[in-house]
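Coordinates as given in target-v1.pdb (PDB, N, CA and C atoms, pLDDT in the B column):
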ATOM      1  N   MET A   1      21.849   7.374  16.466  1.00 62.00           N
ATOM      2  CA  MET A   1      21.383   8.232  15.424  1.00 62.00           C
ATOM      3  C   MET A   1      19.879   8.054  15.240  1.00 62.00           C
ATOM      4  N   THR A   2      19.105   8.679  16.062  1.00 70.00           N
ATOM      5  CA  THR A   2      17.661   8.626  15.905  1.00 70.00           C
ATOM      6  C   THR A   2      17.188   9.811  15.068  1.00 70.00           C
ATOM      7  N   PRO A   3      16.226   9.600  14.194  1.00 66.00           N
ATOM      8  CA  PRO A   3      15.719  10.712  13.394  1.00 66.00           C
ATOM      9  C   PRO A   3      15.046  11.757  14.284  1.00 66.00           C
ATOM     10  N   LEU A   4      15.323  13.022  14.028  1.00 86.00           N
ATOM     11  CA  LEU A   4      14.698  14.092  14.781  1.00 86.00           C
ATOM     12  C   LEU A   4      13.322  14.433  14.226  1.00 86.00           C
ATOM     13  N   LEU A   5      13.168  14.276  12.913  1.00 91.00           N
ATOM     14  CA  LEU A   5      11.912  14.645  12.276  1.00 91.00           C
ATOM     15  C   LEU A   5      11.674  13.742  11.068  1.00 91.00           C
ATOM     16  N   THR A   6      10.479  13.188  10.982  1.00 89.00           N
ATOM     17  CA  THR A   6      10.081  12.380   9.824  1.00 89.00           C
ATOM     18  C   THR A   6       8.789  12.962   9.270  1.00 89.00           C
ATOM     19  N   ILE A   7       8.790  13.290   7.992  1.00 92.00           N
ATOM     20  CA  ILE A   7       7.621  13.886   7.345  1.00 92.00           C
ATOM     21  C   ILE A   7       7.131  12.936   6.260  1.00 92.00           C
ATOM     22  N   ARG A   8       5.832  12.646   6.298  1.00 93.00           N
ATOM     23  CA  ARG A   8       5.197  11.793   5.291  1.00 93.00           C
ATOM     24  C   ARG A   8       3.966  12.515   4.743  1.00 93.00           C
ATOM     25  N   SER A   9       3.566  12.159   3.536  1.00 94.00           N
ATOM     26  CA  SER A   9       2.399  12.754   2.897  1.00 94.00           C
ATOM     27  C   SER A   9       1.122  12.145   3.468  1.00 94.00           C
ATOM     28  N   THR A  10       0.316  12.954   4.138  1.00 95.00           N
ATOM     29  CA  THR A  10      -0.929  12.455   4.716  1.00 95.00           C
ATOM     30  C   THR A  10      -1.927  12.002   3.647  1.00 95.00           C
ATOM     31  N   PRO A  11      -2.184  12.791   2.594  1.00 96.00           N
ATOM     32  CA  PRO A  11      -3.118  12.297   1.566  1.00 96.00           C
ATOM     33  C   PRO A  11      -2.626  11.012   0.890  1.00 96.00           C
ATOM     34  N   GLY A  12      -1.324  10.893   0.699  1.00 95.00           N
ATOM     35  CA  GLY A  12      -0.786   9.672   0.104  1.00 95.00           C
ATOM     36  C   GLY A  12      -0.990   8.464   0.992  1.00 95.00           C
ATOM     37  N   ARG A  13      -0.794   8.651   2.282  1.00 97.00           N
ATOM     38  CA  ARG A  13      -0.985   7.545   3.224  1.00 97.00           C
ATOM     39  C   ARG A  13      -2.456   7.147   3.315  1.00 97.00           C
ATOM     40  N   VAL A  14      -3.348   8.138   3.331  1.00 97.00           N
ATOM     41  CA  VAL A  14      -4.785   7.847   3.397  1.00 97.00           C
ATOM     42  C   VAL A  14      -5.226   7.096   2.140  1.00 97.00           C
ATOM     43  N   ALA A  15      -4.781   7.563   0.983  1.00 97.00           N
ATOM     44  CA  ALA A  15      -5.144   6.893  -0.268  1.00 97.00           C
ATOM     45  C   ALA A  15      -4.591   5.470  -0.316  1.00 97.00           C
ATOM     46  N   ALA A  16      -3.361   5.277   0.148  1.00 97.00           N
ATOM     47  CA  ALA A  16      -2.763   3.939   0.143  1.00 97.00           C
ATOM     48  C   ALA A  16      -3.529   2.996   1.072  1.00 97.00           C
ATOM     49  N   TRP A  17      -3.866   3.461   2.280  1.00 98.00           N
ATOM     50  CA  TRP A  17      -4.621   2.604   3.201  1.00 98.00           C
ATOM     51  C   TRP A  17      -6.028   2.335   2.689  1.00 98.00           C
ATOM     52  N   ALA A  18      -6.626   3.313   2.013  1.00 98.00           N
ATOM     53  CA  ALA A  18      -7.948   3.090   1.421  1.00 98.00           C
ATOM     54  C   ALA A  18      -7.870   2.015   0.346  1.00 98.00           C
ATOM     55  N   TRP A  19      -6.830   2.065  -0.484  1.00 98.00           N
ATOM     56  CA  TRP A  19      -6.674   1.043  -1.534  1.00 98.00           C
ATOM     57  C   TRP A  19      -6.439  -0.332  -0.913  1.00 98.00           C
ATOM     58  N   ILE A  20      -5.632  -0.400   0.128  1.00 98.00           N
ATOM     59  CA  ILE A  20      -5.353  -1.688   0.764  1.00 98.00           C
ATOM     60  C   ILE A  20      -6.624  -2.261   1.381  1.00 98.00           C
ATOM     61  N   ALA A  21      -7.446  -1.420   2.017  1.00 98.00           N
ATOM     62  CA  ALA A  21      -8.711  -1.897   2.586  1.00 98.00           C
ATOM     63  C   ALA A  21      -9.656  -2.376   1.479  1.00 98.00           C
ATOM     64  N   PHE A  22      -9.755  -1.604   0.393  1.00 98.00           N
ATOM     65  CA  PHE A  22     -10.576  -1.989  -0.753  1.00 98.00           C
ATOM     66  C   PHE A  22     -10.112  -3.334  -1.312  1.00 98.00           C
ATOM     67  N   SER A  23      -8.816  -3.492  -1.454  1.00 98.00           N
ATOM     68  CA  SER A  23      -8.264  -4.739  -1.988  1.00 98.00           C
ATOM     69  C   SER A  23      -8.518  -5.912  -1.053  1.00 98.00           C
ATOM     70  N   ALA A  24      -8.372  -5.683   0.246  1.00 98.00           N
ATOM     71  CA  ALA A  24      -8.598  -6.767   1.208  1.00 98.00           C
ATOM     72  C   ALA A  24     -10.039  -7.264   1.133  1.00 98.00           C
ATOM     73  N   LEU A  25     -10.989  -6.347   1.062  1.00 98.00           N
ATOM     74  CA  LEU A  25     -12.393  -6.758   0.960  1.00 98.00           C
ATOM     75  C   LEU A  25     -12.661  -7.509  -0.339  1.00 98.00           C
ATOM     76  N   ASN A  26     -12.077  -7.045  -1.421  1.00 97.00           N
ATOM     77  CA  ASN A  26     -12.260  -7.740  -2.696  1.00 97.00           C
ATOM     78  C   ASN A  26     -11.573  -9.101  -2.705  1.00 97.00           C
ATOM     79  N   LEU A  27     -10.412  -9.207  -2.082  1.00 97.00           N
ATOM     80  CA  LEU A  27      -9.726 -10.509  -2.020  1.00 97.00           C
ATOM     81  C   LEU A  27     -10.519 -11.510  -1.183  1.00 97.00           C
ATOM     82  N   ILE A  28     -11.169 -11.038  -0.135  1.00 97.00           N
ATOM     83  CA  ILE A  28     -12.038 -11.922   0.652  1.00 97.00           C
ATOM     84  C   ILE A  28     -13.194 -12.410  -0.219  1.00 97.00           C
ATOM     85  N   ASP A  29     -13.792 -11.509  -0.977  1.00 97.00           N
ATOM     86  CA  ASP A  29     -14.891 -11.888  -1.869  1.00 97.00           C
ATOM     87  C   ASP A  29     -14.424 -12.890  -2.926  1.00 97.00           C
ATOM     88  N   ILE A  30     -13.249 -12.655  -3.492  1.00 96.00           N
ATOM     89  CA  ILE A  30     -12.713 -13.584  -4.493  1.00 96.00           C
ATOM     90  C   ILE A  30     -12.434 -14.946  -3.868  1.00 96.00           C
ATOM     91  N   ALA A  31     -11.933 -14.967  -2.638  1.00 96.00           N
ATOM     92  CA  ALA A  31     -11.647 -16.236  -1.967  1.00 96.00           C
ATOM     93  C   ALA A  31     -12.928 -17.032  -1.724  1.00 96.00           C
ATOM     94  N   VAL A  32     -14.023 -16.329  -1.454  1.00 96.00           N
ATOM     95  CA  VAL A  32     -15.287 -17.008  -1.165  1.00 96.00           C
ATOM     96  C   VAL A  32     -15.979 -17.465  -2.448  1.00 96.00           C
ATOM     97  N   ARG A  33     -15.994 -16.595  -3.481  1.00 95.00           N
ATOM     98  CA  ARG A  33     -16.808 -16.889  -4.658  1.00 95.00           C
ATOM     99  C   ARG A  33     -16.040 -17.172  -5.937  1.00 95.00           C
ATOM    100  N   GLY A  34     -14.798 -16.761  -6.014  1.00 90.00           N
ATOM    101  CA  GLY A  34     -14.089 -16.853  -7.287  1.00 90.00           C
ATOM    102  C   GLY A  34     -13.407 -18.189  -7.509  1.00 90.00           C
ATOM    103  N   ARG A  35     -13.686 -18.793  -8.648  1.00 90.00           N
ATOM    104  CA  ARG A  35     -13.063 -20.072  -8.991  1.00 90.00           C
ATOM    105  C   ARG A  35     -12.707 -20.150 -10.468  1.00 90.00           C
ATOM    106  N   ASP A  36     -12.497 -19.009 -11.135  1.00 94.00           N
ATOM    107  CA  ASP A  36     -12.203 -19.052 -12.560  1.00 94.00           C
ATOM    108  C   ASP A  36     -10.962 -18.215 -12.861  1.00 94.00           C
ATOM    109  N   MET A  37     -10.626 -18.113 -14.129  1.00 96.00           N
ATOM    110  CA  MET A  37      -9.427 -17.394 -14.543  1.00 96.00           C
ATOM    111  C   MET A  37      -9.548 -15.898 -14.270  1.00 96.00           C
ATOM    112  N   ALA A  38     -10.733 -15.337 -14.400  1.00 95.00           N
ATOM    113  CA  ALA A  38     -10.937 -13.909 -14.134  1.00 95.00           C
ATOM    114  C   ALA A  38     -10.607 -13.590 -12.678  1.00 95.00           C
ATOM    115  N   SER A  39     -10.914 -14.496 -11.772  1.00 96.00           N
ATOM    116  CA  SER A  39     -10.588 -14.297 -10.354  1.00 96.00           C
ATOM    117  C   SER A  39      -9.080 -14.260 -10.149  1.00 96.00           C
ATOM    118  N   LEU A  40      -8.378 -15.108 -10.849  1.00 95.00           N
ATOM    119  CA  LEU A  40      -6.915 -15.117 -10.742  1.00 95.00           C
ATOM    120  C   LEU A  40      -6.318 -13.820 -11.279  1.00 95.00           C
ATOM    121  N   VAL A  41      -6.843 -13.348 -12.391  1.00 97.00           N
ATOM    122  CA  VAL A  41      -6.355 -12.093 -12.974  1.00 97.00           C
ATOM    123  C   VAL A  41      -6.641 -10.924 -12.035  1.00 97.00           C
ATOM    124  N   MET A  42      -7.841 -10.853 -11.485  1.00 97.00           N
ATOM    125  CA  MET A  42      -8.183  -9.757 -10.582  1.00 97.00           C
ATOM    126  C   MET A  42      -7.373  -9.816  -9.294  1.00 97.00           C
ATOM    127  N   THR A  43      -7.104 -11.009  -8.782  1.00 97.00           N
ATOM    128  CA  THR A  43      -6.255 -11.145  -7.600  1.00 97.00           C
ATOM    129  C   THR A  43      -4.868 -10.607  -7.876  1.00 97.00           C
ATOM    130  N   THR A  44      -4.329 -10.937  -9.037  1.00 97.00           N
ATOM    131  CA  THR A  44      -3.009 -10.439  -9.418  1.00 97.00           C
ATOM    132  C   THR A  44      -2.995  -8.924  -9.510  1.00 97.00           C
ATOM    133  N   LEU A  45      -4.014  -8.346 -10.126  1.00 98.00           N
ATOM    134  CA  LEU A  45      -4.085  -6.891 -10.265  1.00 98.00           C
ATOM    135  C   LEU A  45      -4.253  -6.197  -8.911  1.00 98.00           C
ATOM    136  N   LEU A  46      -5.067  -6.766  -8.031  1.00 98.00           N
ATOM    137  CA  LEU A  46      -5.249  -6.175  -6.711  1.00 98.00           C
ATOM    138  C   LEU A  46      -3.953  -6.207  -5.904  1.00 98.00           C
ATOM    139  N   LEU A  47      -3.229  -7.315  -5.963  1.00 98.00           N
ATOM    140  CA  LEU A  47      -1.968  -7.411  -5.224  1.00 98.00           C
ATOM    141  C   LEU A  47      -0.908  -6.492  -5.820  1.00 98.00           C
ATOM    142  N   PHE A  48      -0.889  -6.363  -7.135  1.00 98.00           N
ATOM    143  CA  PHE A  48       0.027  -5.430  -7.788  1.00 98.00           C
ATOM    144  C   PHE A  48      -0.299  -3.996  -7.370  1.00 98.00           C
ATOM    145  N   GLY A  49      -1.578  -3.671  -7.296  1.00 98.00           N
ATOM    146  CA  GLY A  49      -2.001  -2.345  -6.842  1.00 98.00           C
ATOM    147  C   GLY A  49      -1.595  -2.078  -5.400  1.00 98.00           C
ATOM    148  N   CYS A  50      -1.628  -3.111  -4.560  1.00 98.00           N
ATOM    149  CA  CYS A  50      -1.178  -2.944  -3.167  1.00 98.00           C
ATOM    150  C   CYS A  50       0.316  -2.645  -3.118  1.00 98.00           C
ATOM    151  N   GLY A  51       1.082  -3.274  -3.991  1.00 97.00           N
ATOM    152  CA  GLY A  51       2.512  -2.979  -4.062  1.00 97.00           C
ATOM    153  C   GLY A  51       2.758  -1.541  -4.492  1.00 97.00           C
ATOM    154  N   ILE A  52       1.999  -1.081  -5.463  1.00 98.00           N
ATOM    155  CA  ILE A  52       2.127   0.308  -5.904  1.00 98.00           C
ATOM    156  C   ILE A  52       1.708   1.266  -4.793  1.00 98.00           C
ATOM    157  N   ALA A  53       0.638   0.945  -4.080  1.00 97.00           N
ATOM    158  CA  ALA A  53       0.192   1.794  -2.966  1.00 97.00           C
ATOM    159  C   ALA A  53       1.267   1.882  -1.891  1.00 97.00           C
ATOM    160  N   TYR A  54       1.942   0.775  -1.622  1.00 97.00           N
ATOM    161  CA  TYR A  54       3.013   0.791  -0.633  1.00 97.00           C
ATOM    162  C   TYR A  54       4.175   1.673  -1.090  1.00 97.00           C
ATOM    163  N   VAL A  55       4.590   1.483  -2.335  1.00 97.00           N
ATOM    164  CA  VAL A  55       5.751   2.213  -2.849  1.00 97.00           C
ATOM    165  C   VAL A  55       5.467   3.710  -2.976  1.00 97.00           C
ATOM    166  N   LEU A  56       4.274   4.081  -3.398  1.00 96.00           N
ATOM    167  CA  LEU A  56       3.961   5.487  -3.638  1.00 96.00           C
ATOM    168  C   LEU A  56       3.326   6.200  -2.447  1.00 96.00           C
ATOM    169  N   GLY A  57       2.643   5.462  -1.565  1.00 96.00           N
ATOM    170  CA  GLY A  57       1.912   6.117  -0.489  1.00 96.00           C
ATOM    171  C   GLY A  57       2.424   5.880   0.913  1.00 96.00           C
ATOM    172  N   LEU A  58       2.936   4.705   1.189  1.00 95.00           N
ATOM    173  CA  LEU A  58       3.325   4.374   2.563  1.00 95.00           C
ATOM    174  C   LEU A  58       4.822   4.496   2.830  1.00 95.00           C
ATOM    175  N   ARG A  59       5.635   4.196   1.851  1.00 94.00           N
ATOM    176  CA  ARG A  59       7.075   4.144   2.068  1.00 94.00           C
ATOM    177  C   ARG A  59       7.789   5.494   2.038  1.00 94.00           C
ATOM    178  N   PRO A  60       7.448   6.417   1.133  1.00 94.00           N
ATOM    179  CA  PRO A  60       8.218   7.662   1.024  1.00 94.00           C
ATOM    180  C   PRO A  60       8.172   8.496   2.307  1.00 94.00           C
ATOM    181  N   ALA A  61       9.319   9.068   2.635  1.00 92.00           N
ATOM    182  CA  ALA A  61       9.413   9.932   3.816  1.00 92.00           C
ATOM    183  C   ALA A  61      10.609  10.842   3.679  1.00 92.00           C
ATOM    184  N   VAL A  62      10.497  12.006   4.290  1.00 92.00           N
ATOM    185  CA  VAL A  62      11.640  12.916   4.404  1.00 92.00           C
ATOM    186  C   VAL A  62      12.091  12.822   5.858  1.00 92.00           C
ATOM    187  N   VAL A  63      13.338  12.406   6.073  1.00 90.00           N
ATOM    188  CA  VAL A  63      13.848  12.199   7.423  1.00 90.00           C
ATOM    189  C   VAL A  63      14.998  13.180   7.679  1.00 90.00           C
ATOM    190  N   ALA A  64      14.862  13.925   8.751  1.00 89.00           N
ATOM    191  CA  ALA A  64      15.916  14.871   9.137  1.00 89.00           C
ATOM    192  C   ALA A  64      16.568  14.398  10.443  1.00 89.00           C
ATOM    193  N   ASP A  65      17.876  14.360  10.461  1.00 86.00           N
ATOM    194  CA  ASP A  65      18.612  14.009  11.678  1.00 86.00           C
ATOM    195  C   ASP A  65      19.841  14.910  11.795  1.00 86.00           C
ATOM    196  N   GLU A  66      20.794  14.538  12.651  1.00 85.00           N
ATOM    197  CA  GLU A  66      21.959  15.358  12.870  1.00 85.00           C
ATOM    198  C   GLU A  66      22.842  15.485  11.624  1.00 85.00           C
ATOM    199  N   ASP A  67      22.837  14.490  10.772  1.00 84.00           N
ATOM    200  CA  ASP A  67      23.715  14.465   9.599  1.00 84.00           C
ATOM    201  C   ASP A  67      23.132  15.248   8.419  1.00 84.00           C
ATOM    202  N   GLY A  68      21.820  15.400   8.344  1.00 86.00           N
ATOM    203  CA  GLY A  68      21.222  16.112   7.231  1.00 86.00           C
ATOM    204  C   GLY A  68      19.828  15.595   6.944  1.00 86.00           C
ATOM    205  N   VAL A  69      19.389  15.832   5.720  1.00 89.00           N
ATOM    206  CA  VAL A  69      18.049  15.436   5.286  1.00 89.00           C
ATOM    207  C   VAL A  69      18.172  14.359   4.235  1.00 89.00           C
ATOM    208  N   THR A  70      17.401  13.269   4.422  1.00 82.00           N
ATOM    209  CA  THR A  70      17.357  12.193   3.425  1.00 82.00           C
ATOM    210  C   THR A  70      15.927  11.951   3.024  1.00 82.00           C
TER     211      THR A  70
END

Please re-express this file's structure in structure tokens.
Amino acid sequence: MTPLLTIRSTPGRVAAWAWIAFSALNLIDIAVRGRDMASLVMTTLLLFGCGIAYVLGLRPAVVADEDGVT
């Protein structure tokens, strides 16, 4: 049962990857310079945002196969 067609939102995927790249650069900066409570809070928010980007931008798909559309 291989999917015949998978459709994903291109703007959603681009926005999600842009957020992940932005977060990665900021996390590198925090790792180099951050040593206080604000750094911990921002790290938490950036990682939470990456989870939201995954759920809303990277994961959703419309898949069509022999059985129907999911």

Residues within 6 Å of (-0.5, 4.9, 0.8), file coords, only N, CA and C atoms, listed as a list of chain:residue names: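 Residues with an atom close enough to that point: A:Gly12, A:Arg13, A:Val14, A:Ala15, A:Ala16, A:Trp17, A:Ala53, A:Tyr54, A:Leu56, A:Gly57, A:Leu58.
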
Backbone DSSP call of strand (DSSP E or B) for chain A, listed as a list in words: Leu5, Thr6, Ile7, Val62, Val63, Ala64 and Val69 of chain A

Axis-aligned box over every listed atom of region 39-50 of chain A, padded by 4 Å per side: centre and edges in Å to one decimal, as lines of an AutoDock Vina configuration file?
center_x = -5.3
center_y = -8.6
center_z = -8.0
size_x = 19.2
size_y = 21.0
size_z = 17.9

Computed interatomic separation between atom N of Val41 (chain A) and atom N of Ser23 (chain A) (Å):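 For atom N of Val41 (chain A) relative to atom N of Ser23 (chain A), the distance reads 14.9 Å.
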
Long-range neighbours of Ile30 (chain A) as a count of residues only, 9 Å cut-off, only C-alpha atoms, 5 positions minimum in chain: 6

Å distance separating CA of Trp19 (chain A) from atom C of Thr6 (chain A), one decimal place: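 We find that CA of Trp19 (chain A) and atom C of Thr6 (chain A) lie 22.3 Å from each other.
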
Nearby residues (all atoms listed in the file) at most 8 Å from Ala64 (chain A), same-chain spacing under 6 positions excluded, as an MDAnalysis selection string: chainID A and resid 2:7 70

Distance of CA of Phe22 (chain A) from atom C of Arg59 (chain A), expressed in Å to one decimal place: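 Those two atoms sit 20.0 Å apart.
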
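The shortest atom-to-atom distance to Gly49 (chain A), with all atoms listed in the file taken into account, belongs to A:Ile20 out of A:Val69, A:Leu27, A:Val32, A:Ile20.
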
Backbone-only DSSP, alpha helix (DSSP H) members of chain A, as number ranges by chain: A: 10-33, 37-53

Which residue of A:Val55, A:Ala61, A:Ala38, A:Cys50 approaches Ala18 (chain A) most closely, using only C-alpha atoms: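 Of the candidates, the smallest distance to Ala18 (chain A) is held by A:Cys50.
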